[in-house]
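Trainee: For reference, the file final-v3.json (JSON, C-alpha atoms and all ligand atoms) is included below:
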[["chain", "number", "residue", "atom", "x", "y", "z"],
["A", 1103, "MET", "CA", -2.36, 16.65, -9.65],
["A", 1104, "THR", "CA", 0.77, 15.96, -7.60],
["A", 1105, "GLN", "CA", 1.66, 12.33, -7.36],
["A", 1106, "SER", "CA", 2.82, 10.92, -4.05],
["A", 1107, "THR", "CA", 5.67, 8.43, -4.03],
["A", 1108, "HIS", "CA", 4.59, 4.94, -5.02],
["A", 1109, "ALA", "CA", 0.93, 5.88, -5.65],
["A", 1110, "VAL", "CA", -0.26, 3.65, -8.48],
["A", 1111, "LEU", "CA", -3.74, 5.12, -8.39],
["A", 1112, "GLN", "CA", -5.15, 8.43, -7.30],
["A", 1113, "GLY", "CA", -8.83, 9.30, -7.26],
["A", 1114, "ARG", "CA", -9.81, 12.82, -6.35],
["A", 1115, "GLY", "CA", -13.29, 14.24, -5.68],
["A", 1116, "LEU", "CA", -15.11, 11.37, -7.39],
["A", 1117, "GLN", "CA", -18.88, 11.70, -7.67],
["A", 1118, "ARG", "CA", -21.60, 9.80, -9.46],
["A", 1119, "ALA", "CA", -25.39, 10.03, -9.22],
["A", 1120, "PHE", "CA", -28.19, 7.94, -10.73],
["A", 1121, "GLY", "CA", -31.14, 10.32, -10.96],
["A", 1122, "ALA", "CA", -31.65, 11.71, -7.48],
["A", 1123, "ARG", "CA", -29.57, 8.91, -5.90],
["A", 1124, "GLN", "CA", -26.00, 10.02, -5.12],
["A", 1125, "ALA", "CA", -24.24, 6.63, -5.34],
["A", 1126, "VAL", "CA", -20.74, 8.08, -4.84],
["A", 1127, "ALA", "CA", -20.91, 11.42, -3.05],
["A", 1128, "ASP", "CA", -17.29, 12.53, -2.80],
["A", 1129, "ILE", "CA", -14.40, 10.07, -2.70],
["A", 1130, "SER", "CA", -10.69, 10.84, -2.73],
["A", 1131, "PHE", "CA", -8.00, 8.29, -2.03],
["A", 1132, "GLU", "CA", -4.66, 6.88, -3.16],
["A", 1133, "LEU", "CA", -3.54, 3.34, -3.63],
["A", 1134, "LYS", "CA", 0.10, 2.49, -3.04],
["A", 1135, "ALA", "CA", 2.03, -0.19, -4.93],
["A", 1136, "GLY", "CA", 1.76, -3.59, -3.26],
["A", 1137, "GLU", "CA", -1.22, -2.81, -1.05],
["A", 1138, "ILE", "CA", -4.21, -5.09, -0.61],
["A", 1139, "CYS", "CA", -6.93, -2.57, 0.07],
["A", 1140, "ALA", "CA", -10.48, -3.61, 0.96],
["A", 1141, "PHE", "CA", -13.38, -1.19, 0.56],
["A", 1142, "LEU", "CA", -15.86, -2.41, 3.13],
["A", 1143, "GLY", "CA", -19.44, -1.19, 3.30],
["A", 1144, "PRO", "CA", -23.08, -2.30, 3.42],
["A", 1145, "ASN", "CA", -25.25, -2.96, 0.36],
["A", 1146, "GLY", "CA", -25.80, 0.22, -1.64],
["A", 1147, "ALA", "CA", -22.80, 2.07, -0.11],
["A", 1148, "GLY", "CA", -21.40, 2.84, -3.57],
["A", 1149, "LYS", "CA", -18.67, 0.19, -3.87],
["A", 1150, "THR", "CA", -19.58, -1.14, -7.31],
["A", 1151, "THR", "CA", -20.14, 2.37, -8.67],
["A", 1152, "LEU", "CA", -16.68, 3.36, -7.44],
["A", 1153, "ILE", "CA", -14.97, 0.31, -8.97],
["A", 1154, "LYS", "CA", -16.78, 0.90, -12.28],
["A", 1155, "MET", "CA", -15.53, 4.50, -12.38],
["A", 1156, "LEU", "CA", -11.96, 3.48, -11.53],
["A", 1157, "THR", "CA", -11.91, 0.87, -14.29],
["A", 1158, "GLY", "CA", -13.46, 3.02, -17.00],
["A", 1159, "LEU", "CA", -16.85, 1.29, -17.15],
["A", 1160, "LEU", "CA", -18.70, 4.36, -15.88],
["A", 1161, "SER", "CA", -17.92, 8.05, -16.26],
["A", 1162, "PRO", "CA", -17.74, 10.09, -13.06],
["A", 1163, "ASP", "CA", -19.99, 13.19, -12.83],
["A", 1164, "ALA", "CA", -17.00, 14.92, -11.25],
["A", 1165, "GLY", "CA", -13.47, 14.11, -10.16],
["A", 1166, "GLU", "CA", -10.18, 12.90, -11.55],
["A", 1167, "ILE", "CA", -8.53, 9.48, -11.84],
["A", 1168, "HIS", "CA", -4.79, 9.11, -12.35],
["A", 1169, "TYR", "CA", -2.80, 5.91, -12.84],
["A", 1170, "GLN", "CA", 0.93, 6.26, -12.19],
["A", 1171, "GLY", "CA", 0.47, 10.01, -12.53],
["A", 1172, "GLU", "CA", -1.35, 9.91, -15.88],
["A", 1173, "ALA", "CA", -5.00, 10.87, -16.35],
["A", 1174, "TYR", "CA", -7.00, 7.73, -17.04],
["A", 1175, "HIS", "CA", -8.74, 7.23, -20.33],
["A", 1176, "PRO", "CA", -10.28, 3.81, -21.05],
["A", 1177, "ASN", "CA", -9.44, 4.03, -24.76],
["A", 1178, "ARG", "CA", -5.71, 4.24, -24.13],
["A", 1179, "LEU", "CA", -4.46, 0.66, -24.26],
["A", 1180, "ALA", "CA", -1.27, 1.38, -22.29],
["A", 1181, "LEU", "CA", -3.37, 2.63, -19.34],
["A", 1182, "LYS", "CA", -6.01, -0.05, -19.78],
["A", 1183, "LYS", "CA", -3.25, -2.68, -19.52],
["A", 1184, "LEU", "CA", -2.39, -1.46, -16.03],
["A", 1185, "ILE", "CA", -5.77, -2.70, -14.83],
["A", 1186, "GLY", "CA", -7.30, -6.13, -14.35],
["A", 1187, "LEU", "CA", -10.99, -6.34, -13.43],
["A", 1188, "VAL", "CA", -12.92, -9.12, -11.77],
["A", 1189, "PRO", "CA", -16.55, -8.01, -11.78],
["A", 1190, "GLN", "CA", -19.15, -9.05, -9.23],
["A", 1191, "HIS", "CA", -20.77, -11.54, -11.61],
["A", 1192, "ASN", "CA", -18.69, -14.01, -13.61],
["A", 1193, "ASN", "CA", -18.82, -12.52, -17.10],
["A", 1194, "ILE", "CA", -17.16, -15.39, -18.92],
["A", 1195, "ASP", "CA", -18.66, -16.76, -22.11],
["A", 1196, "ARG", "CA", -20.37, -19.86, -20.74],
["A", 1197, "GLU", "CA", -20.43, -21.68, -24.05],
["A", 1198, "LEU", "CA", -16.70, -21.26, -24.64],
["A", 1199, "THR", "CA", -13.99, -23.32, -22.94],
["A", 1200, "PRO", "CA", -11.49, -21.77, -20.50],
["A", 1201, "GLU", "CA", -8.88, -21.82, -23.29],
["A", 1202, "GLU", "CA", -11.22, -19.97, -25.67],
["A", 1203, "ASN", "CA", -12.28, -17.43, -23.04],
["A", 1204, "LEU", "CA", -8.62, -16.64, -22.39],
["A", 1205, "ARG", "CA", -7.85, -16.39, -26.11],
["A", 1206, "VAL", "CA", -10.60, -13.80, -26.66],
["A", 1207, "HIS", "CA", -9.27, -11.70, -23.79],
["A", 1208, "GLY", "CA", -5.68, -11.91, -25.05],
["A", 1209, "LEU", "CA", -6.73, -10.82, -28.54],
["A", 1210, "LEU", "CA", -8.60, -7.83, -27.08],
["A", 1211, "TYR", "CA", -5.36, -6.84, -25.36],
["A", 1212, "GLN", "CA", -3.50, -7.20, -28.66],
["A", 1213, "MET", "CA", -1.57, -10.35, -27.75],
["A", 1214, "ARG", "CA", -0.70, -12.55, -30.68],
["A", 1215, "GLY", "CA", 1.25, -15.72, -31.69],
["A", 1216, "ALA", "CA", 3.68, -17.28, -29.21],
["A", 1217, "GLU", "CA", 3.06, -14.57, -26.59],
["A", 1218, "LEU", "CA", -0.67, -15.31, -26.62],
["A", 1219, "ALA", "CA", -0.18, -19.10, -26.55],
["A", 1220, "GLN", "CA", 2.18, -18.81, -23.56],
["A", 1221, "ALA", "CA", -0.15, -16.44, -21.69],
["A", 1222, "ILE", "CA", -3.07, -18.87, -22.18],
["A", 1223, "GLU", "CA", -0.95, -21.75, -20.92],
["A", 1224, "ASP", "CA", 0.30, -19.82, -17.88],
["A", 1225, "SER", "CA", -3.24, -18.68, -17.03],
["A", 1226, "LEU", "CA", -4.63, -22.23, -17.23],
["A", 1227, "VAL", "CA", -1.86, -23.48, -14.90],
["A", 1228, "PHE", "CA", -2.33, -20.53, -12.56],
["A", 1229, "ALA", "CA", -6.08, -21.14, -12.30],
["A", 1230, "GLY", "CA", -5.54, -24.91, -11.91],
["A", 1231, "LEU", "CA", -7.66, -25.53, -14.99],
["A", 1232, "GLU", "CA", -5.23, -27.41, -17.28],
["A", 1233, "GLU", "CA", -7.40, -30.52, -17.13],
["A", 1234, "HIS", "CA", -10.52, -28.50, -17.89],
["A", 1235, "ARG", "CA", -9.10, -26.48, -20.76],
["A", 1236, "THR", "CA", -11.65, -27.86, -23.22],
["A", 1237, "THR", "CA", -14.64, -28.11, -20.87],
["A", 1238, "PRO", "CA", -17.39, -25.60, -21.67],
["A", 1239, "ALA", "CA", -17.20, -22.94, -18.94],
["A", 1240, "GLU", "CA", -20.83, -23.53, -17.92],
["A", 1241, "LYS", "CA", -19.79, -27.01, -16.67],
["A", 1242, "LEU", "CA", -17.11, -25.66, -14.28],
["A", 1243, "SER", "CA", -17.74, -25.35, -10.52],
["A", 1244, "GLY", "CA", -18.34, -21.91, -8.97],
["A", 1245, "GLY", "CA", -14.78, -21.77, -7.61],
["A", 1246, "MET", "CA", -13.29, -22.78, -11.00],
["A", 1247, "LYS", "CA", -15.30, -20.12, -12.83],
["A", 1248, "ARG", "CA", -14.15, -17.50, -10.33],
["A", 1249, "ARG", "CA", -10.51, -18.59, -10.77],
["A", 1250, "LEU", "CA", -10.90, -18.43, -14.55],
["A", 1251, "VAL", "CA", -12.22, -14.86, -14.33],
["A", 1252, "ILE", "CA", -9.29, -13.91, -12.08],
["A", 1253, "ALA", "CA", -6.70, -15.64, -14.29],
["A", 1254, "ARG", "CA", -8.19, -13.87, -17.31],
["A", 1255, "ALA", "CA", -7.98, -10.50, -15.52],
["A", 1256, "LEU", "CA", -4.29, -11.19, -14.80],
["A", 1257, "MET", "CA", -3.44, -12.45, -18.28],
["A", 1258, "HIS", "CA", -2.11, -9.13, -19.57],
["A", 1259, "LYS", "CA", -0.04, -8.65, -16.37],
["A", 1260, "PRO", "CA", -1.82, -5.65, -14.84],
["A", 1261, "LYS", "CA", -0.29, -3.61, -12.02],
["A", 1262, "ILE", "CA", -3.61, -3.38, -10.15],
["A", 1263, "LEU", "CA", -6.24, -6.05, -9.83],
["A", 1264, "PHE", "CA", -9.77, -4.82, -9.01],
["A", 1265, "LEU", "CA", -12.18, -7.35, -7.55],
["A", 1266, "ASP", "CA", -15.81, -6.54, -6.84],
["A", 1267, "GLU", "CA", -17.07, -8.84, -4.08],
["A", 1268, "PRO", "CA", -14.68, -11.66, -5.09],
["A", 1269, "THR", "CA", -16.14, -14.40, -2.88],
["A", 1270, "VAL", "CA", -19.87, -13.74, -3.03],
["A", 1271, "GLY", "CA", -21.64, -17.02, -3.71],
["A", 1272, "LEU", "CA", -18.66, -19.21, -2.73],
["A", 1273, "ASP", "CA", -18.91, -21.67, 0.15],
["A", 1274, "PRO", "CA", -16.65, -21.03, 3.20],
["A", 1275, "HIS", "CA", -14.03, -23.55, 2.05],
["A", 1276, "SER", "CA", -13.77, -22.08, -1.48],
["A", 1277, "ARG", "CA", -13.68, -18.61, 0.06],
["A", 1278, "ARG", "CA", -10.59, -19.52, 2.10],
["A", 1279, "ILE", "CA", -8.89, -21.00, -0.97],
["A", 1280, "MET", "CA", -9.67, -17.76, -2.82],
["A", 1281, "TRP", "CA", -8.08, -15.67, -0.07],
["A", 1282, "SER", "CA", -4.83, -17.63, -0.29],
["A", 1283, "PHE", "CA", -4.99, -17.42, -4.11],
["A", 1284, "LEU", "CA", -5.29, -13.62, -3.90],
["A", 1285, "GLY", "CA", -2.52, -13.41, -1.29],
["A", 1286, "LYS", "CA", -0.26, -15.32, -3.69],
["A", 1287, "ILE", "CA", -1.06, -12.94, -6.56],
["A", 1288, "ASN", "CA", -0.09, -10.03, -4.34],
["A", 1289, "GLN", "CA", 3.08, -11.65, -2.94],
["A", 1290, "GLN", "CA", 4.43, -13.48, -5.98],
["A", 1291, "GLN", "CA", 3.37, -11.16, -8.79],
["A", 1292, "GLY", "CA", 3.66, -7.91, -6.83],
["A", 1293, "CYS", "CA", 0.14, -7.04, -7.96],
["A", 1294, "THR", "CA", -1.66, -4.29, -6.02],
["A", 1295, "ILE", "CA", -5.16, -5.41, -5.08],
["A", 1296, "PHE", "CA", -8.29, -3.31, -4.65],
["A", 1297, "LEU", "CA", -11.33, -5.24, -3.56],
["A", 1298, "THR", "CA", -14.80, -4.48, -2.34],
["A", 1299, "THR", "CA", -16.52, -6.67, 0.20],
["A", 1300, "HIS", "CA", -19.15, -6.72, 2.87],
["A", 1301, "TYR", "CA", -17.52, -9.68, 4.59],
["A", 1302, "LEU", "CA", -15.65, -8.48, 7.66],
["A", 1303, "GLU", "CA", -13.63, -11.68, 7.84],
["A", 1304, "GLU", "CA", -12.49, -11.22, 4.23],
["A", 1305, "ALA", "CA", -11.17, -7.75, 5.01],
["A", 1306, "GLU", "CA", -9.49, -8.95, 8.23],
["A", 1307, "ARG", "CA", -7.81, -11.98, 6.66],
["A", 1308, "LEU", "CA", -6.72, -10.45, 3.40],
["A", 1309, "ALA", "CA", -6.31, -6.70, 3.49],
["A", 1310, "SER", "CA", -3.32, -4.67, 4.63],
["A", 1311, "ARG", "CA", -5.62, -1.65, 4.53],
["A", 1312, "VAL", "CA", -9.35, -1.30, 5.11],
["A", 1313, "VAL", "CA", -11.50, 1.62, 3.97],
["A", 1314, "PHE", "CA", -15.01, 1.94, 5.40],
["A", 1315, "ILE", "CA", -17.48, 3.33, 2.89],
["A", 1316, "GLU", "CA", -21.01, 4.44, 3.67],
["A", 1317, "ARG", "CA", -23.49, 6.41, 1.56],
["A", 1318, "GLY", "CA", -20.87, 7.13, -1.07],
["A", 1319, "ARG", "CA", -18.28, 8.55, 1.32],
["A", 1320, "ILE", "CA", -15.13, 7.24, 3.02],
["A", 1321, "ILE", "CA", -15.61, 7.32, 6.77],
["A", 1322, "ALA", "CA", -12.42, 5.58, 7.92],
["A", 1323, "ASP", "CA", -9.17, 4.38, 6.39],
["A", 1324, "GLY", "CA", -6.37, 2.36, 8.01],
["A", 1325, "SER", "CA", -5.08, -1.08, 8.93],
["A", 1326, "CYS", "CA", -7.52, -3.43, 10.70],
["A", 1327, "GLN", "CA", -5.38, -3.07, 13.77],
["A", 1328, "SER", "CA", -5.43, 0.73, 13.77],
["A", 1329, "LEU", "CA", -9.20, 0.91, 13.14],
["A", 1330, "LYS", "CA", -9.84, -1.38, 16.09],
["A", 1331, "GLN", "CA", -7.30, 0.23, 18.38],
["A", 1332, "ALA", "CA", -8.79, 3.66, 17.77],
["A", 1333, "LEU", "CA", -11.69, 2.40, 19.90],
["A", 1334, "GLY", "CA", -9.65, 0.37, 22.40],
["A", 1335, "ALA", "CA", -8.40, -3.21, 22.18],
["A", 1336, "TYR", "CA", -11.08, -4.67, 24.51],
["A", 1337, "VAL", "CA", -14.81, -4.28, 24.83],
["A", 1338, "VAL", "CA", -17.12, -4.91, 27.76],
["A", 1339, "GLU", "CA", -20.61, -5.64, 26.53],
["A", 1340, "THR", "CA", -23.77, -5.57, 28.63],
["A", 1341, "GLY", "CA", -27.36, -6.35, 27.68],
["A", 1342, "THR", "CA", -28.50, -8.91, 25.14],
["A", 1343, "VAL", "CA", -31.36, -7.25, 23.22],
["A", 1344, "THR", "CA", -29.59, -3.94, 22.61],
["A", 1345, "PRO", "CA", -25.99, -4.51, 23.73],
["A", 1346, "GLN", "CA", -24.17, -1.56, 25.28],
["A", 1347, "GLN", "CA", -20.44, -1.41, 24.70],
["A", 1348, "GLU", "CA", -17.58, 0.21, 26.55],
["A", 1349, "PHE", "CA", -14.05, 0.13, 25.12],
["A", 1350, "PHE", "CA", -10.73, -0.14, 26.97],
["A", 1351, "ASP", "CA", -7.09, -0.01, 25.96],
["A", 1352, "SER", "CA", -6.05, -2.98, 28.09],
["A", 1353, "ARG", "CA", -7.57, -6.21, 29.31],
["A", 1354, "ALA", "CA", -6.82, -5.18, 32.91],
["A", 1355, "GLN", "CA", -8.92, -2.01, 32.52],
["A", 1356, "ALA", "CA", -11.74, -4.01, 30.95],
["A", 1357, "LEU", "CA", -11.63, -6.58, 33.78],
["A", 1358, "ALA", "CA", -11.72, -3.80, 36.38],
["A", 1359, "ARG", "CA", -14.86, -2.40, 34.74],
["A", 1360, "LEU", "CA", -16.40, -5.87, 34.52],
["A", 1361, "ALA", "CA", -15.99, -6.27, 38.28],
["A", 1362, "GLN", "CA", -18.13, -3.14, 38.84],
["A", 1363, "ILE", "CA", -21.03, -4.34, 36.69],
["A", 1364, "GLU", "CA", -23.82, -6.27, 38.41],
["A", 1365, "GLU", "CA", -25.77, -7.45, 35.36],
["A", 1366, "THR", "CA", -24.52, -10.11, 32.94],
["A", 1367, "ALA", "CA", -21.60, -8.82, 30.89],
["A", 1368, "VAL", "CA", -18.95, -10.23, 28.56],
["A", 1369, "ILE", "CA", -15.44, -9.14, 27.79],
["A", 1370, "ARG", "CA", -13.88, -9.73, 24.39],
["A", 1371, "GLU", "CA", -11.41, -8.28, 21.90],
["A", 1372, "THR", "CA", -12.65, -5.41, 19.75],
["A", 1373, "SER", "CA", -13.68, -6.48, 16.25],
["A", 1374, "LEU", "CA", -13.82, -4.69, 12.93],
["A", 1375, "GLU", "CA", -17.63, -4.92, 13.19],
["A", 1376, "ASP", "CA", -17.43, -2.92, 16.46],
["A", 1377, "ALA", "CA", -15.38, -0.26, 14.69],
["A", 1378, "PHE", "CA", -17.87, -0.07, 11.82],
["A", 1379, "LEU", "CA", -20.85, 0.05, 14.19],
["A", 1380, "GLN", "CA", -19.32, 2.80, 16.33],
["A", 1381, "MET", "CA", -18.48, 4.94, 13.32],
["A", 1382, "THR", "CA", -21.73, 4.53, 11.40],
["A", 1383, "GLY", "CA", -24.36, 3.47, 13.91],
["A", 1384, "THR", "CA", -25.21, 0.57, 11.58],
["A", 1385, "ARG", "CA", -24.14, -3.04, 11.38],
["A", 1386, "LEU", "CA", -22.69, -4.55, 8.25],
["A", 1387, "VAL", "CA", -25.10, -7.16, 6.94],
["A", 1388, "ASN", "CA", -23.20, -10.30, 6.04],
["A", 1389, "HIS", "CA", -24.65, -12.74, 3.58],
["A", 1390, "GLY", "CA", -23.26, -16.19, 4.21],
["B", 1401, "LIG", "N1", -27.33, 1.76, -12.90],
["B", 1401, "LIG", "C1", -27.94, 2.25, -11.83],
["B", 1401, "LIG", "N2", -29.13, 2.89, -11.93],
["B", 1401, "LIG", "C2", -29.75, 3.39, -10.84],
["B", 1401, "LIG", "N3", -29.26, 3.31, -9.58],
["B", 1401, "LIG", "C3", -28.10, 2.68, -9.42],
["B", 1401, "LIG", "C4", -27.37, 2.11, -10.52],
["B", 1401, "LIG", "N4", -26.23, 1.55, -10.03],
["B", 1401, "LIG", "C5", -26.25, 1.76, -8.70],
["B", 1401, "LIG", "N5", -27.35, 2.43, -8.32],
["B", 1401, "LIG", "C6", -27.69, 2.84, -6.95],
["B", 1401, "LIG", "O1", -26.58, 3.49, -6.39],
["B", 1401, "LIG", "C7", -26.38, 3.10, -5.03],
["B", 1401, "LIG", "C8", -25.00, 2.49, -4.84],
["B", 1401, "LIG", "O2", -24.99, 1.23, -5.55],
["B", 1401, "LIG", "P1", -23.67, 0.32, -5.66],
["B", 1401, "LIG", "O3", -24.04, -0.86, -6.48],
["B", 1401, "LIG", "O4", -22.54, 1.15, -6.10],
["B", 1401, "LIG", "O5", -23.48, -0.09, -4.14],
["B", 1401, "LIG", "P2", -22.64, -1.30, -3.51],
["B", 1401, "LIG", "O6", -21.98, -0.75, -2.30],
["B", 1401, "LIG", "O7", -21.78, -1.91, -4.54],
["B", 1401, "LIG", "O8", -23.77, -2.30, -3.09],
["B", 1401, "LIG", "P3", -23.82, -3.91, -3.22],
["B", 1401, "LIG", "O9", -22.97, -4.43, -2.11],
["B", 1401, "LIG", "O10", -25.28, -4.19, -3.03],
["B", 1401, "LIG", "O11", -23.32, -4.28, -4.58],
["B", 1401, "LIG", "C9", -27.53, 2.14, -4.70],
["B", 1401, "LIG", "O12", -28.57, 2.88, -4.11],
["B", 1401, "LIG", "C10", -27.96, 1.63, -6.06],
["B", 1401, "LIG", "O13", -29.32, 1.28, -6.05]]
Take the structure I supplied and represent it as structure tokens, if you would.
Mentor:
Amino acid sequence: MTQSTHAVLQGRGLQRAFGARQAVADISFELKAGEICAFLGPNGAGKTTLIKMLTGLLSPDAGEIHYQGEAYHPNRLALKKLIGLVPQHNNIDRELTPEENLRVHGLLYQMRGAELAQAIEDSLVFAGLEEHRTTPAEKLSGGMKRRLVIARALMHKPKILFLDEPTVGLDPHSRRIMWSFLGKINQQQGCTIFLTTHYLEEAERLASRVVFIERGRIIADGSCQSLKQALGAYVVETGTVTPQQEFFDSRAQALARLAQIEETAVIRETSLEDAFLQMTGTRLVNHG
């Protein structure tokens, strides 16, 4: 496989079925160093299956995965160290304290002595959990648990952080805090971020690149801006029960069209939801 400049990850022809259900049908893509890339798709689109294959938790039926040009194998520690994973559900040991959870992770990544002690300390500070270092994890708030899982994933200094639905279950305020936390990880630590979400706002606020995924296939890939502008920057919408949409490159064009319409109509800027709807014929279902 030829490696493009700065690609930290390449997936080619990835497929995975569960019985007759083709969860990932055929996915090829590259991730460049420093990107924050959001895979956006409805429930069942194949996002978790894809992330599990990329992080070695699930074998693909077909396809290749390369990290920095090398074929991925989950048993090779040097490659495993490139990756940090934040799964959909907080998989911390609830009976252990944050300090103990971090220690177990460090030991699994062969950290020892002063290096391990420092990494635990840095992770507790990073997650804002110094004062809760000896609190059993089950007593932490949802946001604290999420931060602990993220700090643990970053403890061995990975080059890419994978997050599967990072803010599911968090209230809107904690979700915003999480977005700025992730932005900081990307900016200050130079960590490339791959996340899955079905929150449009999450993709818009956080991601430099958005990939639409539906039925195990990529159907669009670009910046939020480019995905929206492919349709036109403005939309004129008529009808309330089944809204009809027309797209225009400029506000002036949209206003001119509005003037011709006799029924009730609204004009607004094109959203990422519009782009998804136009490309797939389905709406993304947001939970919360
Ligand atoms: N272990 C499994 N056994 C059987 N079917 C599975 C398994 N894992 C996933 N699937 C099926 O594969 C399809 C894709 O699931 P996946 O979890 O990858 O989607 P997703 O986009 O992450 O959805 P969600 O947003 O609901 O997590 C779904 O139809 C799902 O039911």
Trainee: Distance table requested - chain A against ligand LIG 1401 (chain B), cut-off 7 Å, all atoms listed in the file: one row per qualifying residue with the closest atom pair and its distance in Å to one decimal, ordered by chain and rising residue number, as CSV.
Mentor:
residue,atom,partner,partner_atom,distance
A:Phe1120,CA,B:LIG1401,C2,4.8
A:Arg1123,CA,B:LIG1401,O1,6.2
A:Gln1124,CA,B:LIG1401,O1,6.7
A:Ala1125,CA,B:LIG1401,O1,4.1
A:Gly1143,CA,B:LIG1401,O6,6.2
A:Pro1144,CA,B:LIG1401,O9,5.9
A:Asn1145,CA,B:LIG1401,O10,3.6
A:Gly1146,CA,B:LIG1401,O5,3.4
A:Ala1147,CA,B:LIG1401,O6,3.7
A:Gly1148,CA,B:LIG1401,O4,3.2
A:Lys1149,CA,B:LIG1401,O6,3.8
A:Thr1150,CA,B:LIG1401,O7,3.6
A:Thr1151,CA,B:LIG1401,O4,3.7
A:Leu1152,CA,B:LIG1401,O4,6.4
A:His1300,CA,B:LIG1401,O9,6.7
Trainee: Which is closest to Asp1266 of chain A among A:Gln1220, A:Ser1325, A:Thr1236, A:Thr1299, if we use all atoms listed in the file?
Mentor: A:Thr1299
Trainee: Between segment 1134-1174 of chain A and segment 1271-1284 of chain A, at 12 Å or less, what are the per-residue closest atom pairs and their distances in Å? Count only C-alpha atoms, order by chain and rising residue number, and return it as a Markdown table.
Mentor:
| residue | atom | partner | partner_atom | distance |
| --- | --- | --- | --- | --- |
| A:Glu1137 | CA | A:Leu1284 | CA | 11.9 |
| A:Ile1138 | CA | A:Leu1284 | CA | 9.2 |
| A:Cys1139 | CA | A:Leu1284 | CA | 11.9 |
Trainee: Using only C-alpha atoms, what does the table of segment 1266-1374 of chain A residues within 9 Å of segment 1187-1192 of chain A look like, with each row giving the shortest atom pair and its distance in Å to one decimal, sorted by chain and ascending number, as JSON lines?
Mentor:
{"residue": "A:Asp1266", "atom": "CA", "partner": "A:Gln1190", "partner_atom": "CA", "distance": 4.8}
{"residue": "A:Glu1267", "atom": "CA", "partner": "A:Gln1190", "partner_atom": "CA", "distance": 5.6}
{"residue": "A:Pro1268", "atom": "CA", "partner": "A:Gln1190", "partner_atom": "CA", "distance": 6.6}
{"residue": "A:Thr1269", "atom": "CA", "partner": "A:Gln1190", "partner_atom": "CA", "distance": 8.8}
{"residue": "A:Val1270", "atom": "CA", "partner": "A:Gln1190", "partner_atom": "CA", "distance": 7.8}
Trainee: Could you check which of A:Ala1253, A:Ala1229, A:Ile1295, A:Ala1322 is closest to Val1110 of chain A, using all atoms listed in the file?
Mentor: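 Closest to Val1110 of chain A of all the choices is A:Ile1295.
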Trainee: Identify which of the residues A:Phe1350, A:Glu1306, A:Ala1367, A:Ala1335 lies closest to Leu1142 of chain A, counting all atoms listed in the file when measuring atom-to-atom distances.
Mentor: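 Using all atoms listed in the file, the shortest distance to Leu1142 of chain A belongs to A:Glu1306.
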Trainee: If I only have part of segment 1209-1220 of chain A, can you fill in N, CA and C atoms and write it as a PDB file, in the frame of the given file?
Mentor:
ATOM      1  N   LEU A1209      -6.610 -11.526 -27.248  1.00  0.00           N
ATOM      2  CA  LEU A1209      -6.730 -10.820 -28.540  1.00  0.00           C
ATOM      3  C   LEU A1209      -7.182  -9.381 -28.322  1.00  0.00           C
ATOM      4  N   LEU A1210      -8.128  -9.194 -27.365  1.00  0.00           N
ATOM      5  CA  LEU A1210      -8.600  -7.830 -27.080  1.00  0.00           C
ATOM      6  C   LEU A1210      -7.469  -6.943 -26.544  1.00  0.00           C
ATOM      7  N   TYR A1211      -6.503  -7.594 -25.884  1.00  0.00           N
ATOM      8  CA  TYR A1211      -5.360  -6.840 -25.360  1.00  0.00           C
ATOM      9  C   TYR A1211      -4.169  -6.900 -26.328  1.00  0.00           C
ATOM     10  N   GLN A1212      -4.462  -7.225 -27.565  1.00  0.00           N
ATOM     11  CA  GLN A1212      -3.500  -7.200 -28.660  1.00  0.00           C
ATOM     12  C   GLN A1212      -2.335  -8.169 -28.480  1.00  0.00           C
ATOM     13  N   MET A1213      -2.599  -9.288 -27.814  1.00  0.00           N
ATOM     14  CA  MET A1213      -1.570 -10.350 -27.750  1.00  0.00           C
ATOM     15  C   MET A1213      -1.741 -11.217 -28.991  1.00  0.00           C
ATOM     16  N   ARG A1214      -0.648 -11.733 -29.476  1.00  0.00           N
ATOM     17  CA  ARG A1214      -0.700 -12.550 -30.680  1.00  0.00           C
ATOM     18  C   ARG A1214       0.355 -13.671 -30.595  1.00  0.00           C
ATOM     19  N   GLY A1215       0.226 -14.682 -31.467  1.00  0.00           N
ATOM     20  CA  GLY A1215       1.250 -15.720 -31.690  1.00  0.00           C
ATOM     21  C   GLY A1215       1.735 -16.405 -30.420  1.00  0.00           C
ATOM     22  N   ALA A1216       3.081 -16.522 -30.311  1.00  0.00           N
ATOM     23  CA  ALA A1216       3.680 -17.280 -29.210  1.00  0.00           C
ATOM     24  C   ALA A1216       3.378 -16.619 -27.858  1.00  0.00           C
ATOM     25  N   GLU A1217       3.337 -15.280 -27.856  1.00  0.00           N
ATOM     26  CA  GLU A1217       3.060 -14.570 -26.590  1.00  0.00           C
ATOM     27  C   GLU A1217       1.673 -14.944 -26.069  1.00  0.00           C
ATOM     28  N   LEU A1218       0.704 -14.973 -26.995  1.00  0.00           N
ATOM     29  CA  LEU A1218      -0.670 -15.310 -26.620  1.00  0.00           C
ATOM     30  C   LEU A1218      -0.757 -16.766 -26.147  1.00  0.00           C
ATOM     31  N   ALA A1219      -0.129 -17.677 -26.901  1.00  0.00           N
ATOM     32  CA  ALA A1219      -0.180 -19.100 -26.550  1.00  0.00           C
ATOM     33  C   ALA A1219       0.411 -19.330 -25.152  1.00  0.00           C
ATOM     34  N   GLN A1220       1.534 -18.659 -24.861  1.00  0.00           N
ATOM     35  CA  GLN A1220       2.180 -18.810 -23.560  1.00  0.00           C
ATOM     36  C   GLN A1220       1.306 -18.249 -22.438  1.00  0.00           C
TER      37      GLN A1220
END
